[in-house]
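As stored in structure_1.txt (compact mmCIF, C-alpha atoms and all ligand atoms):
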```
# COMPACT_ATOMS: atom_id res chain seq x y z
CA MET A 20 -3.85 2.57 -15.95
CA ASN A 21 -0.78 4.28 -14.53
CA THR A 22 -0.17 6.15 -17.75
CA MET A 23 -3.50 7.87 -17.00
CA ILE A 24 -2.14 9.37 -13.78
CA LYS A 25 -0.48 12.72 -14.29
CA ALA A 26 1.13 13.09 -10.88
CA ASP A 27 2.83 16.36 -10.07
CA TRP A 28 3.24 15.41 -6.44
CA THR A 29 6.68 16.54 -5.27
CA ARG A 30 6.78 15.55 -1.60
CA LYS A 31 9.04 12.73 -0.46
CA ASP A 32 6.76 12.07 2.53
CA LEU A 33 3.12 12.19 3.55
CA LEU A 34 3.11 13.48 7.12
CA GLY A 35 -0.18 15.32 7.55
CA LEU A 36 -2.93 17.23 5.78
CA ARG A 37 -2.14 20.53 7.48
CA GLU A 38 0.77 21.24 5.12
CA LEU A 39 -1.00 20.09 1.94
CA SER A 40 -2.78 22.38 -0.50
CA ALA A 41 -6.33 21.63 -1.67
CA GLU A 42 -4.79 20.67 -5.04
CA GLU A 43 -2.45 18.15 -3.45
CA ILE A 44 -5.33 16.61 -1.49
CA SER A 45 -7.40 16.42 -4.67
CA LEU A 46 -4.48 14.79 -6.48
CA ILE A 47 -4.36 11.99 -3.90
CA LEU A 48 -8.15 11.55 -4.10
CA GLY A 49 -8.04 11.44 -7.91
CA THR A 50 -5.16 8.96 -7.93
CA ALA A 51 -7.07 6.79 -5.43
CA GLU A 52 -10.07 6.77 -7.78
CA SER A 53 -7.94 5.11 -10.44
CA PHE A 54 -6.60 2.61 -7.94
CA LYS A 55 -10.10 1.80 -6.69
CA GLU A 56 -10.81 0.48 -10.17
CA VAL A 57 -7.75 -1.82 -9.84
CA ILE A 58 -8.90 -3.35 -6.55
CA GLY A 59 -12.28 -4.16 -8.11
CA ARG A 60 -10.65 -6.28 -10.85
CA PRO A 61 -10.38 -10.08 -10.69
CA ILE A 62 -6.57 -9.66 -10.74
CA LYS A 63 -6.09 -6.82 -8.28
CA LYS A 64 -2.48 -5.96 -8.99
CA VAL A 65 -0.42 -3.46 -10.99
CA PRO A 66 3.39 -3.37 -11.34
CA ALA A 67 3.71 0.31 -10.29
CA LEU A 68 6.02 -0.35 -7.30
CA ARG A 69 7.75 -3.51 -8.48
CA GLY A 70 11.25 -3.64 -6.97
CA LYS A 71 10.36 -1.24 -4.13
CA THR A 72 10.34 -2.27 -0.48
CA VAL A 73 7.90 -0.93 2.11
CA VAL A 74 8.39 -1.41 5.85
CA ASN A 75 5.41 -1.12 8.19
CA LEU A 76 6.85 0.14 11.47
CA PHE A 77 4.06 0.23 14.05
CA TYR A 78 4.82 1.31 17.62
CA GLU A 79 1.12 1.21 18.54
CA PRO A 80 -1.51 -1.48 18.04
CA SER A 81 -3.34 -1.48 14.70
CA THR A 82 -5.48 -3.90 12.72
CA ARG A 83 -7.12 -1.99 9.86
CA THR A 84 -4.40 0.54 9.08
CA ARG A 85 -1.47 -1.90 9.08
CA ILE A 86 -3.27 -4.53 7.02
CA SER A 87 -4.60 -1.85 4.67
CA PHE A 88 -1.08 -0.50 4.00
CA GLU A 89 0.20 -4.05 3.53
CA ILE A 90 -2.52 -4.90 1.02
CA ALA A 91 -2.05 -1.55 -0.76
CA ALA A 92 1.70 -2.13 -1.14
CA LYS A 93 1.14 -5.68 -2.38
CA ARG A 94 -1.47 -4.52 -4.93
CA LEU A 95 1.26 -2.22 -6.30
CA SER A 96 3.69 -5.19 -6.45
CA ALA A 97 6.02 -3.84 -3.73
CA ASP A 98 7.72 -6.12 -1.21
CA VAL A 99 6.38 -5.55 2.32
CA ILE A 100 7.97 -6.20 5.68
CA ASN A 101 6.06 -5.76 8.94
CA ILE A 102 8.06 -4.86 12.02
CA SER A 103 6.44 -5.43 15.35
CA THR A 104 8.13 -3.25 17.94
CA GLU A 105 7.27 -5.90 20.53
CA THR A 106 9.84 -8.27 19.02
CA SER A 107 12.37 -5.80 17.56
CA SER A 108 15.48 -4.10 19.02
CA VAL A 109 13.23 -1.20 20.07
CA ARG A 110 12.66 -3.37 23.16
CA LYS A 111 16.43 -3.21 23.80
CA GLY A 112 16.45 0.58 23.93
CA GLU A 113 17.25 1.52 20.34
CA THR A 114 16.19 5.07 19.44
CA LEU A 115 13.68 5.77 16.70
CA ILE A 116 16.33 7.41 14.51
CA ASP A 117 18.72 4.46 14.91
CA THR A 118 15.94 2.02 14.03
CA GLY A 119 15.09 4.15 10.99
CA ARG A 120 18.71 4.43 9.83
CA ASN A 121 19.19 0.68 10.15
CA ILE A 122 16.03 0.03 8.16
CA GLU A 123 17.29 2.46 5.53
CA ALA A 124 20.67 0.72 5.42
CA LEU A 125 18.72 -2.37 4.34
CA LYS A 126 17.79 -0.36 1.19
CA VAL A 127 14.15 0.11 2.08
CA ASP A 128 12.30 2.70 -0.03
CA MET A 129 9.33 3.59 2.18
CA ILE A 130 8.52 3.42 5.89
CA VAL A 131 4.91 3.53 7.04
CA MET A 132 5.03 4.52 10.67
CA ARG A 133 2.63 4.70 13.59
CA HIS A 134 3.86 6.11 16.88
CA SER A 135 2.31 7.38 20.10
CA CYS A 136 4.36 10.63 19.98
CA SER A 137 3.16 13.60 17.97
CA GLY A 138 5.85 14.61 15.47
CA ALA A 139 7.51 11.17 15.34
CA ALA A 140 6.91 10.68 11.60
CA ALA A 141 8.14 14.20 10.77
CA MET A 142 11.29 13.68 12.81
CA LEU A 143 12.08 10.40 11.06
CA ALA A 144 11.39 12.00 7.68
CA ARG A 145 13.98 14.72 8.35
CA HIS A 146 16.66 12.12 8.98
CA MET A 147 15.85 9.70 6.23
CA GLY A 148 16.22 9.53 2.45
CA ALA A 149 13.44 6.92 2.37
CA SER A 150 9.86 8.17 2.11
CA ILE A 151 7.88 8.26 5.35
CA ILE A 152 4.11 7.89 5.49
CA ASN A 153 2.51 8.85 8.77
CA ALA A 154 0.04 6.15 9.83
CA GLY A 155 -0.89 8.09 12.98
CA ASP A 156 1.36 10.06 15.38
CA GLY A 157 -0.03 10.62 18.87
CA TRP A 158 -2.94 13.06 18.87
CA HIS A 159 -1.47 14.93 15.93
CA GLU A 160 -2.42 13.57 12.48
CA HIS A 161 -3.56 10.44 10.67
CA PRO A 162 -3.59 11.69 7.09
CA THR A 163 -4.55 8.51 5.22
CA GLN A 164 -7.54 7.94 7.55
CA ALA A 165 -8.86 11.44 6.85
CA LEU A 166 -8.21 11.01 3.12
CA LEU A 167 -10.20 7.78 3.03
CA ASP A 168 -12.99 9.44 5.01
CA ILE A 169 -13.07 12.35 2.53
CA PHE A 170 -12.85 9.94 -0.43
CA THR A 171 -15.88 8.03 0.93
CA LEU A 172 -17.83 11.26 1.46
CA LYS A 173 -17.06 12.39 -2.08
CA GLU A 174 -18.16 9.03 -3.46
CA LYS A 175 -21.45 9.25 -1.56
CA LEU A 176 -22.25 12.96 -1.94
CA GLY A 177 -20.51 13.76 -5.23
CA ARG A 178 -18.59 16.71 -3.76
CA ILE A 179 -16.90 18.02 -0.62
CA GLU A 180 -17.31 21.77 -1.15
CA GLY A 181 -20.33 23.04 0.77
CA ILE A 182 -21.13 19.81 2.63
CA HIS A 183 -21.54 19.83 6.41
CA VAL A 184 -19.75 17.21 8.50
CA ALA A 185 -20.26 16.70 12.24
CA ILE A 186 -17.34 15.07 14.06
CA VAL A 187 -18.60 13.62 17.33
CA GLY A 188 -16.60 12.11 20.17
CA ASP A 189 -13.17 12.41 21.72
CA ILE A 190 -11.93 15.32 19.61
CA ALA A 191 -9.28 16.26 22.18
CA HIS A 192 -7.20 13.10 21.80
CA SER A 193 -8.00 12.32 18.18
CA ARG A 194 -5.52 12.55 15.30
CA VAL A 195 -8.36 11.44 13.02
CA ALA A 196 -10.37 14.54 13.98
CA ARG A 197 -7.43 16.87 13.35
CA SER A 198 -6.57 15.44 9.93
CA ASN A 199 -10.26 15.44 8.94
CA ILE A 200 -10.62 19.08 9.97
CA TRP A 201 -7.58 20.16 7.92
CA GLY A 202 -8.65 18.19 4.88
CA LEU A 203 -12.36 19.00 4.92
CA THR A 204 -11.95 22.73 5.53
CA LYS A 205 -9.28 23.06 2.82
CA LEU A 206 -11.73 21.49 0.37
CA GLY A 207 -14.52 23.88 1.41
CA ALA A 208 -16.64 21.71 3.73
CA ARG A 209 -18.24 23.03 6.93
CA VAL A 210 -17.23 21.15 10.07
CA THR A 211 -18.92 21.06 13.48
CA VAL A 212 -17.27 19.26 16.39
CA CYS A 213 -19.43 17.88 19.18
CA ALA A 214 -18.36 16.45 22.53
CA PRO A 215 -18.53 17.14 26.27
CA PRO A 216 -16.41 20.26 27.05
CA LEU A 217 -13.46 18.24 28.43
CA LEU A 218 -13.13 16.37 25.14
CA ILE A 219 -12.92 19.53 23.01
CA PRO A 220 -9.36 20.88 22.78
CA PRO A 221 -8.74 24.56 23.52
CA ARG A 222 -8.75 26.94 20.51
CA ILE A 223 -10.10 24.31 18.12
CA GLU A 224 -12.29 27.04 16.60
CA GLU A 225 -9.07 28.54 15.17
CA MET A 226 -9.06 25.55 12.80
CA GLY A 227 -12.26 26.91 11.26
CA VAL A 228 -14.82 24.65 12.94
CA SER A 229 -17.99 25.29 14.94
CA ILE A 230 -18.40 23.75 18.38
CA THR A 231 -21.49 22.36 20.07
CA HIS A 232 -22.04 20.23 23.15
CA ASN A 233 -25.51 19.26 21.98
CA ILE A 234 -25.69 16.12 19.87
CA GLU A 235 -29.16 16.85 18.46
CA GLU A 236 -27.92 20.24 17.26
CA ALA A 237 -24.78 18.69 15.72
CA LEU A 238 -26.84 16.13 13.80
CA SER A 239 -29.63 18.47 12.71
CA GLU A 240 -27.80 20.09 9.77
CA ALA A 241 -25.15 17.49 9.05
CA ASP A 242 -24.82 15.62 5.75
CA ALA A 243 -22.49 13.19 7.50
CA VAL A 244 -21.43 12.32 11.02
CA ASN A 245 -17.96 10.96 11.73
CA VAL A 246 -18.08 9.21 15.10
CA LEU A 247 -14.90 8.84 17.14
CA ARG A 248 -13.87 6.40 19.83
CA MET A 249 -12.86 7.42 23.34
CA GLN A 250 -9.05 7.21 23.31
CA PHE A 251 -8.86 5.47 26.69
CA GLU A 252 -5.26 4.40 26.03
CA ARG A 253 -4.00 8.00 25.92
CA ASP A 254 -2.93 9.78 29.08
CA THR A 255 -6.23 11.54 29.53
CA GLY A 256 -6.59 12.12 33.25
CA ASP A 257 -10.19 12.83 34.24
CA ALA A 258 -11.38 13.84 30.79
CA PHE A 259 -13.68 10.88 30.28
CA PRO A 260 -17.25 10.92 31.44
CA GLN A 261 -18.80 7.67 32.57
CA GLN A 262 -19.36 5.45 29.53
CA LEU A 263 -23.11 4.99 30.09
CA GLU A 264 -23.50 8.69 30.72
CA TYR A 265 -21.61 9.43 27.51
CA PHE A 266 -23.82 7.10 25.48
CA LYS A 267 -26.93 8.67 26.97
CA ASN A 268 -25.82 12.22 26.09
CA PHE A 269 -23.73 11.79 22.94
CA GLY A 270 -24.18 8.23 21.60
CA ILE A 271 -25.45 7.91 18.01
CA THR A 272 -28.71 5.98 18.18
CA GLU A 273 -31.53 5.25 15.74
CA GLU A 274 -33.79 7.69 17.63
CA ARG A 275 -31.26 10.47 17.17
CA LEU A 276 -30.78 9.66 13.47
CA LYS A 277 -34.56 9.87 12.93
CA LYS A 278 -34.32 13.57 13.75
CA ALA A 279 -31.32 14.12 11.45
CA LYS A 280 -31.29 14.49 7.63
CA LYS A 281 -32.86 11.36 6.13
CA ASN A 282 -29.76 10.15 4.28
CA ILE A 283 -27.18 11.26 6.80
CA ILE A 284 -23.96 9.30 6.30
CA VAL A 285 -22.59 7.56 9.39
CA MET A 286 -18.84 7.04 9.52
CA HIS A 287 -16.35 5.67 12.04
CA PRO A 288 -12.60 5.08 11.62
CA GLY A 289 -12.76 1.97 13.82
CA PRO A 290 -12.30 0.27 16.14
CA ILE A 291 -15.92 0.79 17.26
CA ASN A 292 -16.92 0.54 20.88
CA ARG A 293 -20.53 -0.50 20.40
CA GLY A 294 -22.84 0.90 23.02
CA ILE A 295 -20.45 3.74 23.92
CA GLU A 296 -20.13 6.05 20.92
CA MET A 297 -22.84 4.42 18.80
CA SER A 298 -25.42 1.67 19.02
CA SER A 299 -25.00 -1.61 17.15
CA GLU A 300 -28.15 -0.84 15.12
CA VAL A 301 -26.54 2.34 13.80
CA ALA A 302 -23.13 0.73 13.20
CA ASP A 303 -24.75 -1.98 11.06
CA GLY A 304 -27.65 0.16 9.76
CA ALA A 305 -28.54 1.57 6.35
CA ASN A 306 -26.77 4.92 6.88
CA SER A 307 -23.48 3.35 7.90
CA VAL A 308 -20.58 3.37 5.40
CA ILE A 309 -18.06 2.07 7.91
CA LEU A 310 -17.00 -1.00 5.91
CA GLU A 311 -16.87 1.02 2.68
CA GLN A 312 -14.39 3.30 4.44
CA VAL A 313 -12.21 0.26 5.10
CA THR A 314 -12.30 -0.78 1.43
CA ASN A 315 -11.54 2.75 0.26
CA GLY A 316 -8.56 2.83 2.61
CA ILE A 317 -6.70 0.46 0.28
CA ALA A 318 -7.14 2.78 -2.72
CA ILE A 319 -6.04 5.83 -0.70
CA ARG A 320 -2.96 4.03 0.62
CA MET A 321 -2.07 2.79 -2.87
CA ALA A 322 -2.25 6.42 -4.03
CA ALA A 323 -0.12 7.65 -1.13
CA LEU A 324 2.56 4.99 -1.63
CA PHE A 325 2.59 5.52 -5.39
CA LEU A 326 2.86 9.31 -5.24
CA VAL A 327 5.61 9.51 -2.62
CA ALA A 328 7.61 6.78 -4.37
CA GLN A 329 7.41 8.61 -7.67
CA ALA A 330 8.39 11.94 -6.11
CA ASN A 331 11.32 10.40 -4.25
CA ASP A 332 12.61 8.72 -7.43
CA SER A 333 12.53 12.08 -9.25
CA ARG A 334 14.27 13.76 -6.32
CA LYS A 335 17.03 11.15 -6.30
CA ALA A 336 17.43 11.43 -10.08
CA ARG A 337 17.85 15.21 -9.77
CA LYS A 338 20.44 14.77 -7.03
CA THR A 339 22.47 12.32 -9.14
CA LYS A 340 22.50 14.82 -12.01
CA SER A 341 23.67 17.67 -9.77
CA PRO A 342 26.18 16.48 -7.13
CA LYS A 343 26.57 20.03 -5.79
CA ALA A 344 22.91 20.08 -4.79
CA GLU A 345 23.55 16.98 -2.70
CA VAL A 346 26.24 18.73 -0.65
CA ARG A 347 23.73 21.45 0.23
CA GLN A 348 21.10 18.96 1.48
CA PRO A 349 20.86 19.07 5.31
CA ALA A 350 19.62 15.46 5.59
CA ALA A 351 22.26 13.31 7.27
CA ASP A 352 23.54 15.34 10.20
CA PRO A 353 20.86 17.09 12.26
CA PRO A 354 21.59 20.44 13.90
CA PRO A 355 22.68 20.10 17.56
CA GLN A 356 19.32 21.17 19.01
CA GLU A 357 17.69 18.26 17.18
CA ARG A 358 20.19 15.75 18.45
CA SER A 359 19.14 16.22 22.04
CA SER A 360 15.41 15.76 21.32
CA GLU A 361 16.34 12.68 19.35
CA ALA A 362 18.25 11.24 22.28
CA VAL A 363 15.50 11.78 24.85
CA GLY A 364 12.71 10.68 22.52
CA LEU A 365 9.78 12.82 21.49
CA ARG A 366 7.41 15.22 23.08
CA LYS A 367 4.20 13.49 24.06
CA ILE A 368 1.19 15.81 23.79
C1 LIG B 401 -7.85 5.37 14.52
C2 LIG B 401 -6.45 5.60 15.06
O1 LIG B 401 -5.70 4.66 15.31
O2 LIG B 401 -6.14 6.74 15.22
N1 LIG B 401 -8.10 4.11 13.99
C3 LIG B 401 -7.65 3.76 12.76
O3 LIG B 401 -6.59 4.14 12.33
N2 LIG B 401 -8.47 3.00 12.04
C4 LIG B 401 -8.88 5.77 15.49
C5 LIG B 401 -8.91 5.09 16.81
O4 LIG B 401 -8.01 4.35 17.20
O5 LIG B 401 -9.89 5.34 17.52
```

As a first step, turn the structure in this file into C-alpha cells.
Amino acid sequence: MNTMIKADWTRKDLLGLRELSAEEISLILGTAESFKEVIGRPIKKVPALRGKTVVNLFYEPSTRTRISFEIAAKRLSADVINISTETSSVRKGETLIDTGRNIEALKVDMIVMRHSCSGAAAMLARHMGASIINAGDGWHEHPTQALLDIFTLKEKLGRIEGIHVAIVGDIAHSRVARSNIWGLTKLGARVTVCAPPLLIPPRIEEMGVSITHNIEEALSEADAVNVLRMQFERDTGDAFPQQLEYFKNFGITEERLKKAKKNIIVMHPGPINRGIEMSSEVADGANSVILEQVTNGIAIRMAALFLVAQANDSRKARKTKSPKAEVRQPAADPPPQERSSEAVGLRKI
C-alpha cells in the first residue's frame, strides 16, 4: 500500500493548519484515505514506521487523542512510549526544552505533544531534530482534530469546496475551532461561527468566517454543524453563561435540527457535555457522526506520523550528504531572546 503513496511532504513537524497550503492539507487527507483501508483489514498493521520510536508527551488530560496517536503509531509498527507529566521530572521543575532534549537523547524520532500554552509545540520543534506533532496547544491549534473533522466531512459529503459548516460553542477558547477554520477555508468551505458574544474572539471575521449569535440562523444553511464544548478548564473569567441558559439558547436539540437541512451532519470533537452543548438524543441520533470522527482520527494520525517521519528522514539524509549545510542550521543554540522565554515558560493566551 505504501508504494501507492507519492508523498512530497517536506515538513519535519505538523504544528498547525495555518501554515499549510491547500495541497499539503489534501496530501494528508489522501494519505489518510489509504491508511483507513489498512485499519479496516483483519490484520491492521503495516511496517511503514518499523524501527521508529514515538513519544506521547501530554501535559493536559486526554483520552481520545492520546489513545488515537498510540494506536496510529502501533498500526504503523512504531514503538510508542507514553509520558504522563504527573509522574515525570516535569513535576520536579524541568523545563519543556530540557524534557524534550532528554527525550531526544534517548534517540526518539517523533514527539506528539499536548500543552496548555499556545506555541509550545512550535517552540519545541525549533529546538529539536525529532519531529513534533502538535496534539493541541492552548487555544491555538489542534491540527489533527481539524483534519479528522474535514476527512469525515469529505467522506460524508464527497467534497469540501462550497460546503457550509457552522461551528457552534466556545469559539473563543477553542483550538479545534481555529484549526477547523484554517483548514476549511483553505479548502474552499464557508464557515459560520455561532456563540454568545463573550465566546466569540475579537477579529475572528479576519479569518474569513461569518458570525451569528442566533443558533437557528447558524443551522438554517449549514451542511454540517461542529459543536464545541465549553472550555471550563481554561482561565476564562466571566465568559461563560449559565449552563442551562446556554443550552436553552444555543444547545443542539432535535427540535432545532428539524428546522435545519434534513441530512445535516452533527459533529463533536469530544468530550461531550450532554445537556449543555447538545442533547443526548442528538449526540446518539441519526445525524451524528461523532464516533466515525473518532475512527477516522486513527487514519489521520497514521498519515501525519508517516509523512513527518518520511520528510525528516530525507532531511537527515540531505544533511549527511552536505556537512556544510549542517553548520548553517540554527537548530541547537537558540538566539538569546528565545532563551529567556524558554526559561520562564510560555505565553499563556
Ligand atoms: C478537544 C481538545 O482537547 O482540544 N478534544 C479532543 O482533542 N478530542 C476539544 C475539547 O477538549 O473540548

(request) List all protein, DNA and RNA residues that have at least one atom no more than 10 Å from any atom of ligand LIG 401 (chain B), counting all atoms listed in the file, and write them as a VMD selection string. (result) chain A and resid 79 to 85 87 133 to 135 154 to 165 188 to 189 192 to 196 246 to 252 287 to 292 312 to 313 316

(message) When you count all atoms listed in the file, which of these residues is closest to Glu42 in chain A: A:Gly202, A:Gly138, A:Gly119, A:Gly59?
(response) A:Gly202

(message) I need the residue nearest Ala149 in chain A from this list: A:Lys278, A:Lys126, A:Arg178, A:Lys64. Use all atoms listed in the file for the distance.
(response)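 Between A:Lys278, A:Lys126, A:Arg178, A:Lys64, the residue approaching Ala149 in chain A most closely is A:Lys126.
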
(message) Taking all atoms listed in the file into account, name the residue in A:Lys340, A:Ile86, A:Val57, A:Ser198 that is nearest to Leu167 in chain A.
(response) A:Ser198

(message) At a cut-off of 12 Å, using only C-alpha atoms, what residues contact Val74 in chain A? Leave out same-chain residues fewer than 5 positions from it and give the result as a PyMOL selection string.
(response) chain A and resi 85+88-89+92-93+97-103+118-119+121-123+125-133+149-152+154+324

Same residues, C-alpha atoms, saved as a CSV table (one decimal), in the coordinates of the input:
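Ended up saving to again28.csv:
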```csv
chain,number,residue,atom,x,y,z
A,85,ARG,CA,-1.5,-1.9,9.1
A,88,PHE,CA,-1.1,-0.5,4.0
A,89,GLU,CA,0.2,-4.0,3.5
A,92,ALA,CA,1.7,-2.1,-1.1
A,93,LYS,CA,1.1,-5.7,-2.4
A,97,ALA,CA,6.0,-3.8,-3.7
A,98,ASP,CA,7.7,-6.1,-1.2
A,99,VAL,CA,6.4,-5.6,2.3
A,100,ILE,CA,8.0,-6.2,5.7
A,101,ASN,CA,6.1,-5.8,8.9
A,102,ILE,CA,8.1,-4.9,12.0
A,103,SER,CA,6.4,-5.4,15.4
A,118,THR,CA,15.9,2.0,14.0
A,119,GLY,CA,15.1,4.2,11.0
A,121,ASN,CA,19.2,0.7,10.2
A,122,ILE,CA,16.0,0.0,8.2
A,123,GLU,CA,17.3,2.5,5.5
A,125,LEU,CA,18.7,-2.4,4.3
A,126,LYS,CA,17.8,-0.4,1.2
A,127,VAL,CA,14.2,0.1,2.1
A,128,ASP,CA,12.3,2.7,0.0
A,129,MET,CA,9.3,3.6,2.2
A,130,ILE,CA,8.5,3.4,5.9
A,131,VAL,CA,4.9,3.5,7.0
A,132,MET,CA,5.0,4.5,10.7
A,133,ARG,CA,2.6,4.7,13.6
A,149,ALA,CA,13.4,6.9,2.4
A,150,SER,CA,9.9,8.2,2.1
A,151,ILE,CA,7.9,8.3,5.4
A,152,ILE,CA,4.1,7.9,5.5
A,154,ALA,CA,0.0,6.2,9.8
A,324,LEU,CA,2.6,5.0,-1.6
```

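Interatomic distance, CA of Met297 in chain A to CA of Asn282 in chain A: 17.1 Å.
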
(request) List the neighbours of Ala214 in chain A out to 8 Å using only C-alpha atoms; skip same-chain residues closer than 2 positions along the sequence, and give me the result as a list in words. (result) Val187, Gly188, Asp189, Ile190, Val212, Pro216, Leu217, Leu218, Ile219, Thr231, His232, Asn233, Ile234 and Phe269 of chain A

Output file for the selection above: C-alpha atoms, as a PDB file, keeping the file's coordinate frame:
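The resulting file, selection05.pdb, is shown below:
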```
ATOM      1  CA  VAL A 187     -18.600  13.620  17.330  1.00  0.00           C
ATOM      2  CA  GLY A 188     -16.600  12.110  20.170  1.00  0.00           C
ATOM      3  CA  ASP A 189     -13.170  12.410  21.720  1.00  0.00           C
ATOM      4  CA  ILE A 190     -11.930  15.320  19.610  1.00  0.00           C
ATOM      5  CA  VAL A 212     -17.270  19.260  16.390  1.00  0.00           C
ATOM      6  CA  PRO A 216     -16.410  20.260  27.050  1.00  0.00           C
ATOM      7  CA  LEU A 217     -13.460  18.240  28.430  1.00  0.00           C
ATOM      8  CA  LEU A 218     -13.130  16.370  25.140  1.00  0.00           C
ATOM      9  CA  ILE A 219     -12.920  19.530  23.010  1.00  0.00           C
ATOM     10  CA  THR A 231     -21.490  22.360  20.070  1.00  0.00           C
ATOM     11  CA  HIS A 232     -22.040  20.230  23.150  1.00  0.00           C
ATOM     12  CA  ASN A 233     -25.510  19.260  21.980  1.00  0.00           C
ATOM     13  CA  ILE A 234     -25.690  16.120  19.870  1.00  0.00           C
ATOM     14  CA  PHE A 269     -23.730  11.790  22.940  1.00  0.00           C
TER      15      PHE A 269
END
```

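Using all atoms listed in the file, the smallest distance between any of A:Leu238, A:Ile58, A:Leu206, A:Leu172 and Ile90 in chain A comes from A:Ile58.
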
(message) As an exercise, work out the distance from CA of Leu263 in chain A to CA of Val244 in chain A in Å and give it to one decimal place.
(response) 20.5 Å

(request) Work out how far apart CA of Glu105 in chain A and CA of Phe77 in chain A are and give it in Å to one decimal. (result) 9.5 Å

(message) Could you check the closest approach to Ile230 in chain A for each of A:Ala279, A:Ala185, A:Leu36, A:Asn75 and tell me which residue wins, using all atoms listed in the file?
(response) A:Ala185

(request) Kindly indicate which residue among A:Met286, A:Ala237, A:Ala140, A:Leu326 lies nearest to Thr171 in chain A, using all atoms listed in the file for the distances. (result) A:Met286

Could you name the residues that touch Pro66 in chain A at 6 Å or less, counting only C-alpha atoms, but leaving out those on the same chain fewer than 2 positions away, as a short mmCIF file (atom, residue, chain, number, x, y, z; two decimals) with C-alpha atoms, in the coordinates of the input?
```
data_model
loop_
_atom_site.label_atom_id
_atom_site.label_comp_id
_atom_site.auth_asym_id
_atom_site.auth_seq_id
_atom_site.Cartn_x
_atom_site.Cartn_y
_atom_site.Cartn_z
CA LEU A 68 6.02 -0.35 -7.30
CA ARG A 69 7.75 -3.51 -8.48
CA LEU A 95 1.26 -2.22 -6.30
CA SER A 96 3.69 -5.19 -6.45
#
```

(message) List the spatial neighbours of Asp242 in chain A as a ChimeraX atom specification - criterion: any atom at most 12 Å away, only C-alpha atoms, same-chain residues fewer than 4 positions off excluded.
(response) /A:172-173,175-186,208-211,237-238,276,279-286,306

Just C-alpha atoms for this one: save the residues we selected as a PDB file, in the coordinates of the input.
```pdb
ATOM      1  CA  LEU A 172     -17.830  11.260   1.460  1.00  0.00           C
ATOM      2  CA  LYS A 173     -17.060  12.390  -2.080  1.00  0.00           C
ATOM      3  CA  LYS A 175     -21.450   9.250  -1.560  1.00  0.00           C
ATOM      4  CA  LEU A 176     -22.250  12.960  -1.940  1.00  0.00           C
ATOM      5  CA  GLY A 177     -20.510  13.760  -5.230  1.00  0.00           C
ATOM      6  CA  ARG A 178     -18.590  16.710  -3.760  1.00  0.00           C
ATOM      7  CA  ILE A 179     -16.900  18.020  -0.620  1.00  0.00           C
ATOM      8  CA  GLU A 180     -17.310  21.770  -1.150  1.00  0.00           C
ATOM      9  CA  GLY A 181     -20.330  23.040   0.770  1.00  0.00           C
ATOM     10  CA  ILE A 182     -21.130  19.810   2.630  1.00  0.00           C
ATOM     11  CA  HIS A 183     -21.540  19.830   6.410  1.00  0.00           C
ATOM     12  CA  VAL A 184     -19.750  17.210   8.500  1.00  0.00           C
ATOM     13  CA  ALA A 185     -20.260  16.700  12.240  1.00  0.00           C
ATOM     14  CA  ILE A 186     -17.340  15.070  14.060  1.00  0.00           C
ATOM     15  CA  ALA A 208     -16.640  21.710   3.730  1.00  0.00           C
ATOM     16  CA  ARG A 209     -18.240  23.030   6.930  1.00  0.00           C
ATOM     17  CA  VAL A 210     -17.230  21.150  10.070  1.00  0.00           C
ATOM     18  CA  THR A 211     -18.920  21.060  13.480  1.00  0.00           C
ATOM     19  CA  ALA A 237     -24.780  18.690  15.720  1.00  0.00           C
ATOM     20  CA  LEU A 238     -26.840  16.130  13.800  1.00  0.00           C
ATOM     21  CA  LEU A 276     -30.780   9.660  13.470  1.00  0.00           C
ATOM     22  CA  ALA A 279     -31.320  14.120  11.450  1.00  0.00           C
ATOM     23  CA  LYS A 280     -31.290  14.490   7.630  1.00  0.00           C
ATOM     24  CA  LYS A 281     -32.860  11.360   6.130  1.00  0.00           C
ATOM     25  CA  ASN A 282     -29.760  10.150   4.280  1.00  0.00           C
ATOM     26  CA  ILE A 283     -27.180  11.260   6.800  1.00  0.00           C
ATOM     27  CA  ILE A 284     -23.960   9.300   6.300  1.00  0.00           C
ATOM     28  CA  VAL A 285     -22.590   7.560   9.390  1.00  0.00           C
ATOM     29  CA  MET A 286     -18.840   7.040   9.520  1.00  0.00           C
ATOM     30  CA  ASN A 306     -26.770   4.920   6.880  1.00  0.00           C
TER      31      ASN A 306
END
```

If I wrap all listed atoms of range 115-127 of chain A in a box with edges along x, y and z and add 8 Å on each side, what are its centre and edge lengths in Å to one decimal, as lines of an AutoDock Vina configuration file?
```
center_x = 17.2
center_y = 2.5
center_z = 8.9
size_x = 23.0
size_y = 25.8
size_z = 31.5
```
